[in-house]
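> My structure is in upload-v5.cif, and what it holds is mmCIF, N, CA and C atoms:
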```
data_my_file
loop_
_atom_site.label_atom_id
_atom_site.label_comp_id
_atom_site.auth_asym_id
_atom_site.auth_seq_id
_atom_site.Cartn_x
_atom_site.Cartn_y
_atom_site.Cartn_z
N MET A 1 1.66 1.92 14.89
CA MET A 1 2.91 1.91 14.18
C MET A 1 3.47 3.33 14.13
N ALA A 2 4.67 3.50 14.59
CA ALA A 2 5.32 4.81 14.62
C ALA A 2 5.93 5.13 13.25
N LYS A 3 6.14 6.42 13.00
CA LYS A 3 6.73 6.82 11.72
C LYS A 3 8.10 6.18 11.51
N ASP A 4 8.81 5.88 12.60
CA ASP A 4 10.13 5.26 12.50
C ASP A 4 10.05 3.84 11.95
N ASP A 5 8.88 3.20 12.00
CA ASP A 5 8.70 1.85 11.51
C ASP A 5 8.52 1.79 10.00
N PHE A 6 8.43 2.94 9.34
CA PHE A 6 8.22 2.99 7.90
C PHE A 6 9.54 2.99 7.16
N THR A 7 9.55 2.32 6.01
CA THR A 7 10.69 2.39 5.10
C THR A 7 10.72 3.78 4.48
N ALA A 8 9.53 4.30 4.15
CA ALA A 8 9.41 5.65 3.57
C ALA A 8 8.07 6.24 3.97
N PHE A 9 8.01 7.56 3.96
CA PHE A 9 6.79 8.29 4.30
C PHE A 9 6.70 9.49 3.38
N LEU A 10 5.64 9.56 2.57
CA LEU A 10 5.40 10.71 1.70
C LEU A 10 4.26 11.50 2.32
N GLY A 11 4.57 12.65 2.89
CA GLY A 11 3.61 13.42 3.65
C GLY A 11 2.70 14.29 2.82
N SER A 12 1.67 14.84 3.48
CA SER A 12 0.71 15.71 2.81
C SER A 12 1.43 16.94 2.26
N GLY A 13 0.89 17.48 1.21
CA GLY A 13 1.51 18.63 0.56
C GLY A 13 2.49 18.21 -0.53
N THR A 14 2.75 16.91 -0.63
CA THR A 14 3.66 16.39 -1.64
C THR A 14 2.85 15.83 -2.81
N GLU A 15 3.37 15.98 -4.02
CA GLU A 15 2.78 15.35 -5.20
C GLU A 15 3.85 14.50 -5.84
N TYR A 16 3.47 13.27 -6.24
CA TYR A 16 4.44 12.35 -6.81
C TYR A 16 3.85 11.71 -8.05
N GLN A 17 4.63 11.63 -9.11
CA GLN A 17 4.23 10.93 -10.34
C GLN A 17 5.34 9.97 -10.69
N GLY A 18 4.97 8.72 -11.03
CA GLY A 18 5.97 7.77 -11.45
C GLY A 18 5.77 6.40 -10.86
N ARG A 19 6.90 5.70 -10.68
CA ARG A 19 6.89 4.33 -10.19
C ARG A 19 7.65 4.24 -8.87
N LEU A 20 7.06 3.53 -7.90
CA LEU A 20 7.69 3.35 -6.60
C LEU A 20 7.81 1.86 -6.32
N ASN A 21 9.04 1.41 -6.05
CA ASN A 21 9.32 0.04 -5.61
C ASN A 21 9.90 0.15 -4.21
N PHE A 22 9.47 -0.72 -3.31
CA PHE A 22 10.01 -0.66 -1.95
C PHE A 22 9.94 -2.00 -1.26
N LYS A 23 10.68 -2.12 -0.15
CA LYS A 23 10.61 -3.26 0.76
C LYS A 23 10.17 -2.70 2.11
N GLY A 24 9.47 -3.49 2.89
CA GLY A 24 9.04 -3.02 4.19
C GLY A 24 7.66 -2.38 4.13
N THR A 25 7.51 -1.26 4.83
CA THR A 25 6.23 -0.55 4.92
C THR A 25 6.39 0.90 4.48
N VAL A 26 5.50 1.34 3.60
CA VAL A 26 5.50 2.73 3.14
C VAL A 26 4.13 3.32 3.41
N ARG A 27 4.14 4.55 3.93
CA ARG A 27 2.89 5.30 4.15
C ARG A 27 2.89 6.50 3.23
N ILE A 28 1.75 6.69 2.56
CA ILE A 28 1.58 7.81 1.64
C ILE A 28 0.41 8.65 2.12
N ASP A 29 0.64 9.94 2.30
CA ASP A 29 -0.41 10.89 2.67
C ASP A 29 -0.45 12.04 1.67
N CYS A 30 -0.15 11.74 0.42
CA CYS A 30 -0.05 12.80 -0.59
C CYS A 30 -0.82 12.39 -1.84
N ARG A 31 -0.74 13.23 -2.86
CA ARG A 31 -1.30 12.91 -4.17
C ARG A 31 -0.24 12.12 -4.93
N PHE A 32 -0.58 10.90 -5.36
CA PHE A 32 0.36 10.01 -6.03
C PHE A 32 -0.30 9.49 -7.29
N THR A 33 0.36 9.66 -8.43
CA THR A 33 -0.12 9.14 -9.70
C THR A 33 0.94 8.24 -10.27
N GLY A 34 0.58 6.98 -10.56
CA GLY A 34 1.56 6.08 -11.15
C GLY A 34 1.38 4.65 -10.72
N GLU A 35 2.52 4.02 -10.41
CA GLU A 35 2.55 2.59 -10.13
C GLU A 35 3.37 2.32 -8.87
N ILE A 36 2.84 1.43 -8.02
CA ILE A 36 3.55 1.03 -6.81
C ILE A 36 3.65 -0.49 -6.80
N LEU A 37 4.88 -0.99 -6.64
CA LEU A 37 5.13 -2.43 -6.62
C LEU A 37 5.95 -2.78 -5.40
N SER A 38 5.51 -3.81 -4.64
CA SER A 38 6.25 -4.19 -3.45
C SER A 38 5.78 -5.54 -2.92
N ASP A 39 6.67 -6.22 -2.20
CA ASP A 39 6.26 -7.40 -1.46
C ASP A 39 6.03 -7.03 0.01
N GLY A 40 5.85 -5.75 0.26
CA GLY A 40 5.63 -5.23 1.60
C GLY A 40 4.22 -4.68 1.78
N LYS A 41 4.09 -3.75 2.75
CA LYS A 41 2.79 -3.16 3.11
C LYS A 41 2.74 -1.70 2.67
N LEU A 42 1.63 -1.34 2.00
CA LEU A 42 1.37 0.04 1.60
C LEU A 42 0.21 0.56 2.42
N ILE A 43 0.42 1.72 3.04
CA ILE A 43 -0.64 2.39 3.79
C ILE A 43 -0.95 3.70 3.09
N LEU A 44 -2.18 3.85 2.64
CA LEU A 44 -2.64 5.11 2.06
C LEU A 44 -3.36 5.85 3.17
N GLY A 45 -2.75 6.92 3.68
CA GLY A 45 -3.30 7.68 4.79
C GLY A 45 -4.55 8.47 4.42
N ARG A 46 -5.12 9.15 5.39
CA ARG A 46 -6.38 9.90 5.20
C ARG A 46 -6.29 10.97 4.12
N GLU A 47 -5.12 11.55 3.94
CA GLU A 47 -4.96 12.61 2.94
C GLU A 47 -4.47 12.09 1.60
N ALA A 48 -4.28 10.78 1.49
CA ALA A 48 -3.78 10.18 0.25
C ALA A 48 -4.83 10.20 -0.85
N ILE A 49 -4.38 10.57 -2.04
CA ILE A 49 -5.19 10.47 -3.24
C ILE A 49 -4.32 9.75 -4.25
N PHE A 50 -4.62 8.47 -4.47
CA PHE A 50 -3.81 7.65 -5.36
C PHE A 50 -4.58 7.35 -6.63
N ASP A 51 -3.91 7.48 -7.78
CA ASP A 51 -4.50 7.15 -9.07
C ASP A 51 -3.47 6.35 -9.85
N GLY A 52 -3.78 5.07 -10.08
CA GLY A 52 -2.83 4.24 -10.82
C GLY A 52 -2.99 2.77 -10.51
N THR A 53 -1.84 2.07 -10.47
CA THR A 53 -1.80 0.63 -10.27
C THR A 53 -0.96 0.30 -9.04
N VAL A 54 -1.49 -0.58 -8.20
CA VAL A 54 -0.79 -1.02 -6.99
C VAL A 54 -0.69 -2.55 -7.03
N ALA A 55 0.50 -3.07 -6.72
CA ALA A 55 0.69 -4.51 -6.53
C ALA A 55 1.56 -4.68 -5.29
N VAL A 56 0.93 -5.05 -4.18
CA VAL A 56 1.63 -5.15 -2.89
C VAL A 56 1.16 -6.40 -2.14
N LYS A 57 1.90 -6.75 -1.08
CA LYS A 57 1.51 -7.88 -0.25
C LYS A 57 0.32 -7.52 0.63
N GLU A 58 0.38 -6.32 1.27
CA GLU A 58 -0.71 -5.86 2.11
C GLU A 58 -1.05 -4.42 1.76
N LEU A 59 -2.35 -4.10 1.81
CA LEU A 59 -2.82 -2.76 1.49
C LEU A 59 -3.77 -2.29 2.58
N VAL A 60 -3.49 -1.10 3.11
CA VAL A 60 -4.35 -0.48 4.11
C VAL A 60 -4.74 0.89 3.56
N VAL A 61 -6.05 1.14 3.45
CA VAL A 61 -6.52 2.38 2.84
C VAL A 61 -7.36 3.17 3.83
N HIS A 62 -6.95 4.43 4.03
CA HIS A 62 -7.74 5.41 4.79
C HIS A 62 -8.26 6.47 3.82
N GLY A 63 -7.55 6.68 2.72
CA GLY A 63 -7.85 7.76 1.78
C GLY A 63 -8.56 7.28 0.54
N VAL A 64 -8.12 7.82 -0.62
CA VAL A 64 -8.77 7.56 -1.91
C VAL A 64 -7.83 6.77 -2.81
N LEU A 65 -8.34 5.70 -3.38
CA LEU A 65 -7.60 4.90 -4.35
C LEU A 65 -8.45 4.74 -5.59
N THR A 66 -7.93 5.17 -6.74
CA THR A 66 -8.61 5.01 -8.01
C THR A 66 -7.68 4.25 -8.93
N GLY A 67 -8.16 3.15 -9.49
CA GLY A 67 -7.32 2.38 -10.40
C GLY A 67 -7.44 0.90 -10.12
N GLU A 68 -6.29 0.21 -10.18
CA GLU A 68 -6.26 -1.24 -9.98
C GLU A 68 -5.30 -1.59 -8.86
N ALA A 69 -5.76 -2.48 -7.96
CA ALA A 69 -4.91 -2.96 -6.87
C ALA A 69 -4.91 -4.48 -6.87
N VAL A 70 -3.71 -5.05 -6.85
CA VAL A 70 -3.54 -6.49 -6.72
C VAL A 70 -2.79 -6.71 -5.41
N VAL A 71 -3.42 -7.44 -4.49
CA VAL A 71 -2.89 -7.59 -3.14
C VAL A 71 -2.68 -9.08 -2.87
N GLY A 72 -1.50 -9.41 -2.33
CA GLY A 72 -1.16 -10.81 -2.11
C GLY A 72 -1.73 -11.43 -0.86
N LYS A 73 -1.88 -10.65 0.22
CA LYS A 73 -2.31 -11.23 1.51
C LYS A 73 -3.66 -10.71 1.98
N ARG A 74 -3.77 -9.38 2.19
CA ARG A 74 -5.03 -8.84 2.67
C ARG A 74 -5.13 -7.34 2.40
N THR A 75 -6.37 -6.88 2.33
CA THR A 75 -6.69 -5.47 2.14
C THR A 75 -7.57 -5.03 3.29
N ILE A 76 -7.25 -3.87 3.86
CA ILE A 76 -8.06 -3.30 4.94
C ILE A 76 -8.53 -1.93 4.48
N LEU A 77 -9.84 -1.72 4.45
CA LEU A 77 -10.42 -0.44 4.09
C LEU A 77 -11.01 0.17 5.36
N HIS A 78 -10.40 1.25 5.82
CA HIS A 78 -10.89 1.93 7.01
C HIS A 78 -12.09 2.80 6.65
N GLN A 79 -12.73 3.34 7.67
CA GLN A 79 -13.98 4.08 7.53
C GLN A 79 -13.94 5.15 6.46
N GLU A 80 -12.83 5.86 6.32
CA GLU A 80 -12.74 6.98 5.39
C GLU A 80 -12.38 6.54 3.97
N ALA A 81 -12.07 5.28 3.76
CA ALA A 81 -11.57 4.79 2.47
C ALA A 81 -12.60 4.93 1.36
N ARG A 82 -12.11 5.31 0.19
CA ARG A 82 -12.91 5.40 -1.03
C ARG A 82 -12.10 4.72 -2.13
N VAL A 83 -12.56 3.54 -2.57
CA VAL A 83 -11.85 2.79 -3.59
C VAL A 83 -12.74 2.67 -4.82
N THR A 84 -12.21 3.09 -5.96
CA THR A 84 -12.92 3.01 -7.23
C THR A 84 -12.02 2.34 -8.24
N GLY A 85 -12.50 1.25 -8.83
CA GLY A 85 -11.70 0.54 -9.82
C GLY A 85 -11.77 -0.96 -9.61
N THR A 86 -10.62 -1.62 -9.68
CA THR A 86 -10.55 -3.07 -9.55
C THR A 86 -9.67 -3.44 -8.37
N LEU A 87 -10.19 -4.30 -7.50
CA LEU A 87 -9.45 -4.78 -6.34
C LEU A 87 -9.38 -6.29 -6.41
N ASN A 88 -8.15 -6.83 -6.44
CA ASN A 88 -7.89 -8.27 -6.41
C ASN A 88 -7.22 -8.57 -5.09
N THR A 89 -7.86 -9.35 -4.22
CA THR A 89 -7.31 -9.64 -2.90
C THR A 89 -7.86 -10.95 -2.37
N PRO A 90 -7.07 -11.72 -1.63
CA PRO A 90 -7.61 -12.94 -1.03
C PRO A 90 -8.43 -12.68 0.23
N ALA A 91 -8.20 -11.54 0.90
CA ALA A 91 -8.93 -11.22 2.13
C ALA A 91 -9.23 -9.73 2.15
N LEU A 92 -10.47 -9.39 2.54
CA LEU A 92 -10.89 -7.99 2.60
C LEU A 92 -11.58 -7.72 3.92
N ILE A 93 -11.10 -6.67 4.60
CA ILE A 93 -11.70 -6.21 5.84
C ILE A 93 -12.15 -4.77 5.61
N MET A 94 -13.43 -4.48 5.84
CA MET A 94 -13.97 -3.14 5.63
C MET A 94 -14.65 -2.64 6.90
N GLU A 95 -14.33 -1.40 7.27
CA GLU A 95 -15.04 -0.76 8.37
C GLU A 95 -16.31 -0.11 7.82
N GLU A 96 -17.26 0.11 8.72
CA GLU A 96 -18.47 0.83 8.33
C GLU A 96 -18.09 2.20 7.79
N GLY A 97 -18.68 2.56 6.67
CA GLY A 97 -18.40 3.85 6.04
C GLY A 97 -17.44 3.75 4.88
N ALA A 98 -16.63 2.70 4.83
CA ALA A 98 -15.73 2.51 3.69
C ALA A 98 -16.56 2.24 2.44
N VAL A 99 -16.08 2.76 1.30
CA VAL A 99 -16.81 2.59 0.04
C VAL A 99 -15.91 1.90 -0.97
N LEU A 100 -16.45 0.87 -1.61
CA LEU A 100 -15.78 0.14 -2.68
C LEU A 100 -16.71 0.13 -3.87
N GLN A 101 -16.28 0.73 -4.98
CA GLN A 101 -17.11 0.80 -6.17
C GLN A 101 -16.28 0.34 -7.35
N GLY A 102 -16.73 -0.74 -8.00
CA GLY A 102 -16.00 -1.29 -9.14
C GLY A 102 -16.00 -2.79 -9.12
N ASP A 103 -14.88 -3.40 -9.51
CA ASP A 103 -14.75 -4.85 -9.55
C ASP A 103 -13.99 -5.33 -8.33
N LEU A 104 -14.53 -6.37 -7.69
CA LEU A 104 -13.86 -7.01 -6.57
C LEU A 104 -13.64 -8.46 -6.94
N HIS A 105 -12.38 -8.89 -6.94
CA HIS A 105 -12.03 -10.28 -7.23
C HIS A 105 -11.37 -10.84 -5.99
N MET A 106 -12.03 -11.81 -5.38
CA MET A 106 -11.47 -12.45 -4.19
C MET A 106 -11.11 -13.88 -4.56
N HIS A 107 -9.91 -14.26 -4.19
CA HIS A 107 -9.42 -15.57 -4.57
C HIS A 107 -8.68 -16.20 -3.41
N LYS A 108 -8.82 -17.46 -3.27
CA LYS A 108 -8.04 -18.22 -2.30
C LYS A 108 -7.80 -19.56 -2.96
N GLU A 109 -8.63 -20.53 -2.66
CA GLU A 109 -8.49 -21.84 -3.30
C GLU A 109 -9.26 -21.88 -4.62
N THR A 110 -10.43 -21.25 -4.65
CA THR A 110 -11.17 -21.13 -5.89
C THR A 110 -11.39 -19.65 -6.15
N GLU A 111 -11.20 -19.26 -7.37
CA GLU A 111 -11.31 -17.83 -7.71
C GLU A 111 -12.76 -17.45 -7.95
N THR A 112 -13.18 -16.37 -7.31
CA THR A 112 -14.52 -15.85 -7.52
C THR A 112 -14.41 -14.36 -7.79
N SER A 113 -15.39 -13.80 -8.42
CA SER A 113 -15.40 -12.36 -8.62
C SER A 113 -16.81 -11.84 -8.45
N HIS A 114 -16.89 -10.57 -8.12
CA HIS A 114 -18.16 -9.93 -7.85
C HIS A 114 -18.11 -8.52 -8.43
N ARG A 115 -19.13 -8.12 -9.12
CA ARG A 115 -19.19 -6.79 -9.72
C ARG A 115 -20.12 -5.92 -8.89
N THR A 116 -19.64 -4.74 -8.52
CA THR A 116 -20.48 -3.80 -7.79
C THR A 116 -20.61 -2.52 -8.60
N ASP A 117 -21.80 -2.23 -9.05
CA ASP A 117 -22.03 -1.00 -9.81
C ASP A 117 -22.43 0.14 -8.90
N GLU A 118 -22.88 -0.19 -7.72
CA GLU A 118 -23.24 0.82 -6.74
C GLU A 118 -22.26 0.75 -5.59
N ALA A 119 -22.12 1.83 -4.87
CA ALA A 119 -21.23 1.85 -3.71
C ALA A 119 -21.70 0.83 -2.68
N VAL A 120 -20.75 0.14 -2.06
CA VAL A 120 -21.06 -0.87 -1.05
C VAL A 120 -20.62 -0.36 0.31
N GLN A 121 -21.50 -0.47 1.28
CA GLN A 121 -21.16 -0.10 2.65
C GLN A 121 -21.54 -1.24 3.57
N LEU A 122 -20.70 -1.47 4.57
CA LEU A 122 -20.98 -2.52 5.54
C LEU A 122 -22.06 -2.09 6.53
N PRO A 123 -22.79 -3.07 7.08
CA PRO A 123 -23.71 -2.73 8.16
C PRO A 123 -22.92 -2.27 9.38
N ARG A 124 -23.61 -1.64 10.30
CA ARG A 124 -22.97 -1.08 11.49
C ARG A 124 -22.28 -2.17 12.30
N ALA A 125 -20.96 -2.00 12.52
CA ALA A 125 -20.18 -2.93 13.33
C ALA A 125 -18.86 -2.26 13.67
N ASP A 126 -18.32 -2.53 14.85
CA ASP A 126 -17.03 -1.99 15.24
C ASP A 126 -15.98 -3.06 14.96
N LEU A 127 -15.20 -2.86 13.89
CA LEU A 127 -14.19 -3.83 13.50
C LEU A 127 -12.81 -3.46 14.00
N THR A 128 -12.70 -2.45 14.83
CA THR A 128 -11.39 -2.02 15.32
C THR A 128 -10.60 -3.16 15.95
N PRO A 129 -11.20 -4.00 16.83
CA PRO A 129 -10.42 -5.10 17.41
C PRO A 129 -9.95 -6.10 16.35
N VAL A 130 -10.78 -6.37 15.35
CA VAL A 130 -10.41 -7.30 14.28
C VAL A 130 -9.26 -6.73 13.46
N ILE A 131 -9.36 -5.46 13.12
CA ILE A 131 -8.31 -4.81 12.32
C ILE A 131 -7.01 -4.75 13.11
N ASP A 132 -7.07 -4.37 14.37
CA ASP A 132 -5.87 -4.31 15.21
C ASP A 132 -5.20 -5.69 15.28
N ALA A 133 -5.99 -6.75 15.46
CA ALA A 133 -5.44 -8.10 15.53
C ALA A 133 -4.80 -8.49 14.20
N ALA A 134 -5.44 -8.13 13.09
CA ALA A 134 -4.92 -8.47 11.77
C ALA A 134 -3.60 -7.76 11.50
N LEU A 135 -3.49 -6.52 11.93
CA LEU A 135 -2.26 -5.76 11.70
C LEU A 135 -1.09 -6.27 12.54
N LYS A 136 -1.38 -6.92 13.65
CA LYS A 136 -0.31 -7.44 14.52
C LYS A 136 0.28 -8.74 13.97
N GLN A 137 -0.39 -9.39 13.05
CA GLN A 137 0.11 -10.65 12.49
C GLN A 137 1.28 -10.43 11.57
#
```
Mind turning this structure into structure tokens?

Amino acid sequence: MAKDDFTAFLGSGTEYQGRLNFKGTVRIDCRFTGEILSDGKLILGREAIFDGTVAVKELVVHGVLTGEAVVGKRTILHQEARVTGTLNTPALIMEEGAVLQGDLHMHKETETSHRTDEAVQLPRADLTPVIDAALKQ
């Protein structure tokens, strides 16, 4: 995805506090504290440090997310991702090396939840083709 495909892009070296509402796709590579609401896709880049609440249709994390995320369609945690807090999502894709620590609530037809007190890491697997296919949908 090229930078031109984004509705907005907050680059590294930027700090933002407050509330962000958007349509489309937004990529954040900065320090962001607050709330993000959208029926679109949020990408937290490798340099992103997010602290707050997220409610989006799709979430892709390369950086750090601390707080609560409610996702409508799917969440993708890339290798560098560090998520601490509560994640509510119907679908979760994690690359090896991604860390999720906190509450995970996965729901589809029946709601289930799982508590992780220790960091969770996936066994060795190359999920790049799966992630690429998921992003093309």
> Run the PyMOL selection byres ((chain A and resi 80) around 6) on the file and write out the hits as a PyMOL selection string.
chain A and resi 62-63+78-79+81-82+97-99
> Could you give me the centre and size, in Å to one decimal, of an axis-aligned box around all listed atoms of segment 19-32 of chain A with 3 Å added on every side, as lines of an AutoDock Vina configuration file?

```
center_x = 4.7
center_y = 4.9
center_z = -2.9
size_x = 18.0
size_y = 22.7
size_z = 21.6
```
> Grab the atom CA of Ile76 of chain A to atom CA of Leu92 of chain A distance for me, in Å with one decimal place.
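Calculated distance between atom CA of Ile76 of chain A and atom CA of Leu92 of chain A is 6.0 Å.
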> Using only C-alpha atoms, what table do you get, as CSV, when you list each residue of segment 50-103 of chain A with an atom no more than 6 Å from segment 26-44 of chain A, its nearest pair of atoms, and their distance in Å rounded to one decimal, rows by chain then rising number?

```
residue,atom,partner,partner_atom,distance
A:Phe50,CA,A:Phe32,CA,4.8
A:Asp51,CA,A:Thr33,CA,4.9
A:Gly52,CA,A:Gly34,CA,4.8
A:Thr53,CA,A:Glu35,CA,4.8
A:Val54,CA,A:Ile36,CA,4.8
A:Ala55,CA,A:Leu37,CA,4.9
A:Val56,CA,A:Ser38,CA,4.8
A:Lys57,CA,A:Asp39,CA,4.9
A:Glu58,CA,A:Lys41,CA,4.5
A:Leu59,CA,A:Leu42,CA,5.0
A:Val60,CA,A:Ile43,CA,4.7
A:Val61,CA,A:Leu44,CA,4.8
A:His62,CA,A:Leu44,CA,5.8
A:Gly63,CA,A:Leu44,CA,5.9
```
> Expressed in Å to a single decimal, how great is the separation between atom CA of Arg46 of chain A and atom CA of Gly85 of chain A?
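About the pair atom CA of Arg46 of chain A and atom CA of Gly85 of chain A: they are 18.5 Å apart.
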> Just the residues within 8 Å of Leu87 of chain A, please, counting only C-alpha atoms, with nothing from its chain fewer than 4 positions along; format it as number ranges by chain.
A: 68-71, 102-105
> Separation of atom N of Thr89 of chain A and atom CA of Gly18 of chain A, in Å?
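According to the coordinates, atom N of Thr89 of chain A and atom CA of Gly18 of chain A are separated by 23.2 Å.
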> If you run DSSP over the backbone, which residues in segment 7-108 of chain A end up strand (DSSP E)? Put them as an MDAnalysis selection string.
chainID A and resid 8:10 15:22 25:28 31:38 41:44 49:61 64:77 82:89 92:94 99:107
> Around the point (-16.1, 4.8, -4.2), in the coordinates given by the file, pick out the residues reaching within 7 Å, counting only C-alpha atoms, and return them as a CSV table (one decimal) with N, CA and C atoms, in the frame of the given file.

```
chain,number,residue,atom,x,y,z
A,82,ARG,N,-12.1,5.3,0.2
A,82,ARG,CA,-12.9,5.4,-1.0
A,82,ARG,C,-12.1,4.7,-2.1
A,83,VAL,N,-12.6,3.5,-2.6
A,83,VAL,CA,-11.8,2.8,-3.6
A,83,VAL,C,-12.7,2.7,-4.8
A,84,THR,N,-12.2,3.1,-6.0
A,84,THR,CA,-12.9,3.0,-7.2
A,84,THR,C,-12.0,2.3,-8.2
A,99,VAL,N,-16.1,2.8,1.3
A,99,VAL,CA,-16.8,2.6,0.0
A,99,VAL,C,-15.9,1.9,-1.0
A,100,LEU,N,-16.4,0.9,-1.6
A,100,LEU,CA,-15.8,0.1,-2.7
A,100,LEU,C,-16.7,0.1,-3.9
A,101,GLN,N,-16.3,0.7,-5.0
A,101,GLN,CA,-17.1,0.8,-6.2
A,101,GLN,C,-16.3,0.3,-7.4
A,119,ALA,N,-22.1,1.8,-4.9
A,119,ALA,CA,-21.2,1.8,-3.7
A,119,ALA,C,-21.7,0.8,-2.7
```
